[in-house]
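**Q** Input final.pdb, format and content: PDB, C-alpha atoms.
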ATOM      1  CA  MET A   1     -19.954  -0.049  15.234
ATOM      2  CA  GLU A   2     -17.836  -2.513  17.147
ATOM      3  CA  LYS A   3     -14.059  -2.285  16.933
ATOM      4  CA  LEU A   4     -13.870  -5.948  15.862
ATOM      5  CA  ASP A   5     -16.200  -5.327  12.909
ATOM      6  CA  HIS A   6     -13.991  -2.488  11.722
ATOM      7  CA  GLN A   7     -10.921  -4.722  12.082
ATOM      8  CA  ILE A   8     -12.591  -7.511  10.097
ATOM      9  CA  VAL A   9     -13.503  -5.195   7.249
ATOM     10  CA  ARG A  10     -10.046  -3.622   7.156
ATOM     11  CA  GLU A  11      -8.615  -7.140   6.808
ATOM     12  CA  PHE A  12     -11.186  -7.936   4.116
ATOM     13  CA  ARG A  13     -10.264  -4.755   2.216
ATOM     14  CA  HIS A  14      -6.534  -5.431   2.505
ATOM     15  CA  ARG A  15      -6.860  -8.941   1.126
ATOM     16  CA  LEU A  16      -9.390  -7.912  -1.509
ATOM     17  CA  GLU A  17      -6.996  -5.258  -2.819
ATOM     18  CA  GLN A  18      -4.638  -8.128  -3.690
ATOM     19  CA  ILE A  19      -7.319  -9.433  -6.068
ATOM     20  CA  THR A  20      -8.926  -6.320  -7.597
ATOM     21  CA  PRO A  21      -8.962  -2.527  -7.391
ATOM     22  CA  ILE A  22     -11.655  -1.218  -5.042
ATOM     23  CA  LEU A  23     -13.605   1.929  -5.904
ATOM     24  CA  ASP A  24     -15.696   1.979  -2.724
ATOM     25  CA  LEU A  25     -16.072  -0.258   0.329
ATOM     26  CA  ARG A  26     -18.584   0.353   3.130
ATOM     27  CA  ILE A  27     -20.051  -1.417   6.117
ATOM     28  CA  PHE A  28     -23.825  -1.054   6.245
ATOM     29  CA  GLY A  29     -26.795  -2.580   7.997
ATOM     30  CA  SER A  30     -27.253  -3.342  11.678
ATOM     31  CA  ARG A  31     -23.548  -3.504  12.479
ATOM     32  CA  ALA A  32     -22.944  -0.075  10.935
ATOM     33  CA  ARG A  33     -25.941   1.345  12.808
ATOM     34  CA  GLY A  34     -24.792  -0.231  16.072
ATOM     35  CA  ASP A  35     -27.992  -2.186  16.694
ATOM     36  CA  ALA A  36     -26.724  -5.651  15.688
ATOM     37  CA  GLN A  37     -27.470  -8.808  17.601
ATOM     38  CA  THR A  38     -24.715 -11.270  18.473
ATOM     39  CA  ASP A  39     -25.507 -13.421  15.437
ATOM     40  CA  SER A  40     -26.059 -10.553  12.969
ATOM     41  CA  ASP A  41     -24.120 -10.708   9.746
ATOM     42  CA  LEU A  42     -21.606  -8.079   8.692
ATOM     43  CA  ASP A  43     -22.922  -6.394   5.531
ATOM     44  CA  VAL A  44     -20.229  -5.073   3.202
ATOM     45  CA  PHE A  45     -20.783  -3.030   0.035
ATOM     46  CA  VAL A  46     -18.008  -3.321  -2.555
ATOM     47  CA  LYS A  47     -17.758  -1.346  -5.793
ATOM     48  CA  VAL A  48     -15.191  -2.598  -8.299
ATOM     49  CA  PRO A  49     -14.271  -1.409 -11.816
ATOM     50  CA  GLN A  50     -15.229  -4.689 -13.525
ATOM     51  CA  LEU A  51     -16.952  -7.813 -12.347
ATOM     52  CA  ASP A  52     -17.284 -11.265 -13.829
ATOM     53  CA  ARG A  53     -18.308 -14.608 -12.392
ATOM     54  CA  SER A  54     -14.749 -15.545 -11.443
ATOM     55  CA  LEU A  55     -14.114 -12.332  -9.521
ATOM     56  CA  ARG A  56     -17.514 -12.516  -7.816
ATOM     57  CA  GLU A  57     -16.688 -16.041  -6.618
ATOM     58  CA  LYS A  58     -13.270 -14.921  -5.370
ATOM     59  CA  ILE A  59     -14.888 -12.098  -3.382
ATOM     60  CA  TYR A  60     -17.493 -14.433  -1.875
ATOM     61  CA  ASP A  61     -14.809 -17.004  -1.033
ATOM     62  CA  LEU A  62     -12.671 -14.327   0.609
ATOM     63  CA  ALA A  63     -15.654 -13.088   2.632
ATOM     64  CA  TRP A  64     -16.357 -16.630   3.797
ATOM     65  CA  GLU A  65     -12.700 -17.268   4.654
ATOM     66  CA  ILE A  66     -12.294 -14.106   6.714
ATOM     67  CA  GLY A  67     -15.699 -14.564   8.286
ATOM     68  CA  PHE A  68     -14.695 -18.079   9.315
ATOM     69  CA  GLU A  69     -11.458 -16.761  10.839
ATOM     70  CA  TYR A  70     -13.373 -14.210  12.928
ATOM     71  CA  ASP A  71     -16.554 -16.255  13.524
ATOM     72  CA  ARG A  72     -18.646 -13.686  11.670
ATOM     73  CA  VAL A  73     -20.851 -14.100   8.605
ATOM     74  CA  ILE A  74     -19.846 -11.515   5.998
ATOM     75  CA  SER A  75     -22.528 -10.720   3.420
ATOM     76  CA  THR A  76     -21.305  -8.861   0.363
ATOM     77  CA  PHE A  77     -23.160  -6.555  -2.027
ATOM     78  CA  VAL A  78     -20.791  -6.301  -5.006
ATOM     79  CA  VAL A  79     -21.410  -3.923  -7.912
ATOM     80  CA  THR A  80     -19.677  -1.992 -10.662
ATOM     81  CA  GLU A  81     -20.069   1.688 -11.519
ATOM     82  CA  GLU A  82     -21.697   0.647 -14.793
ATOM     83  CA  GLN A  83     -24.306  -1.448 -12.970
ATOM     84  CA  ILE A  84     -25.146   1.527 -10.779
ATOM     85  CA  LYS A  85     -25.413   3.974 -13.685
ATOM     86  CA  LEU A  86     -27.039   1.769 -16.312
ATOM     87  CA  GLY A  87     -28.596  -1.168 -14.513
ATOM     88  CA  ALA A  88     -31.356  -1.892 -12.056
ATOM     89  CA  VAL A  89     -28.886  -1.706  -9.174
ATOM     90  CA  GLY A  90     -28.961   2.100  -9.394
ATOM     91  CA  ALA A  91     -32.689   2.092  -8.653
ATOM     92  CA  ASN A  92     -32.433  -0.448  -5.823
ATOM     93  CA  PRO A  93     -33.501   1.055  -2.471
ATOM     94  CA  LEU A  94     -30.746  -0.966  -0.814
ATOM     95  CA  LEU A  95     -28.139   1.085  -2.670
ATOM     96  CA  SER A  96     -29.680   4.287  -1.282
ATOM     97  CA  ARG A  97     -29.475   2.880   2.242
ATOM     98  CA  VAL A  98     -25.846   1.866   1.728
ATOM     99  CA  MET A  99     -24.968   5.384   0.598
ATOM    100  CA  GLU A 100     -26.858   6.977   3.501
ATOM    101  CA  GLU A 101     -25.810   4.788   6.415
ATOM    102  CA  GLY A 102     -22.707   3.037   5.105
ATOM    103  CA  ILE A 103     -19.401   3.580   6.868
ATOM    104  CA  VAL A 104     -16.537   3.958   4.413
ATOM    105  CA  VAL A 105     -13.564   1.715   5.162
TER     106      VAL A 105
END
Would you mind writing the file out in structure tokens?

**A**
Amino acid sequence: MEKLDHQIVREFRHRLEQITPILDLRIFGSRARGDAQTDSDLDVFVKVPQLDRSLREKIYDLAWEIGFEYDRVISTFVVTEEQIKLGAVGANPLLSRVMEEGIVV
């Protein structure tokens, strides 16, 4: 993973912590694996205690804002523990990949 990507996600985490508690935050996908192209997005998994429409929008807006500052598209995968345990998210193969290859930040 590139040093800049790690810096971007640390900044994202710092600013996100001003909005909501974070249970888990990981970089995953091509940038975590180190095989990203120049225009690849930065995939970020975020687990929060509770999530509603307002918080989801704030997280997306923050990702866009920081991505704009660093000229990087940040794609977020935002979930709650309840969604993982009781919802379809827990059975999603993407979640398994995040847990396997994701880099905790």

**Q** Please write as an MDAnalysis selection string the full residue list that the PyMOL selection byres ((chain A and resi 6) around 12) yields on this file.

**A** chainID A and resid 1:5 7:13 25:28 31:32 34 42:44 70 103:105

**Q** Could you expand the PyMOL selection byres ((chain A and resi 56-59) around 10) into the explicit residues it covers here, written as a list in words?

**A**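 Evaluating the PyMOL selection byres ((chain A and resi 56-59) around 10) on these coordinates yields Phe12, Arg15, Leu16, Ile19, Thr20, Val46, Gln50, Leu51, Asp52, Arg53, Ser54, Leu55, Tyr60, Asp61, Leu62, Ala63, Trp64, Glu65, Thr76, Val78 and Val79 of chain A.
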
**Q** Which of these, A:Ser96, A:Arg33, A:Pro21, A:Gly102, has the shortest distance to Val48 of chain A once you count only C-alpha atoms?

**A**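 Smallest distance to Val48 of chain A is found for A:Pro21.
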
**Q** Taking only C-alpha atoms into account, name the residue in A:Gly29, A:Glu101, A:Lys47, A:Asp39 that is nearest to Ile84 of chain A.

**A**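 Nearest to Ile84 of chain A: A:Lys47.
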
**Q** Quick check, in Å to one decimal: how far apart do atom CA of Gln37 of chain A and atom CA of Ile22 of chain A lie?

**A**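 Going from atom CA of Gln37 of chain A over to atom CA of Ile22 of chain A, I get 28.6 Å.
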
**Q** Kindly indicate which residue among A:Glu17, A:Leu95, A:Ala36, A:Asp41 lies nearest to Val73 of chain A, using only C-alpha atoms for the distances.

**A**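 Answer, going by the shortest atom-to-atom distance: A:Asp41.
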
**Q** To one decimal in Å, tell me the separation between atom CA of His14 of chain A and atom CA of Pro93 of chain A.

**A**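 Going from atom CA of His14 of chain A over to atom CA of Pro93 of chain A, I get 28.2 Å.
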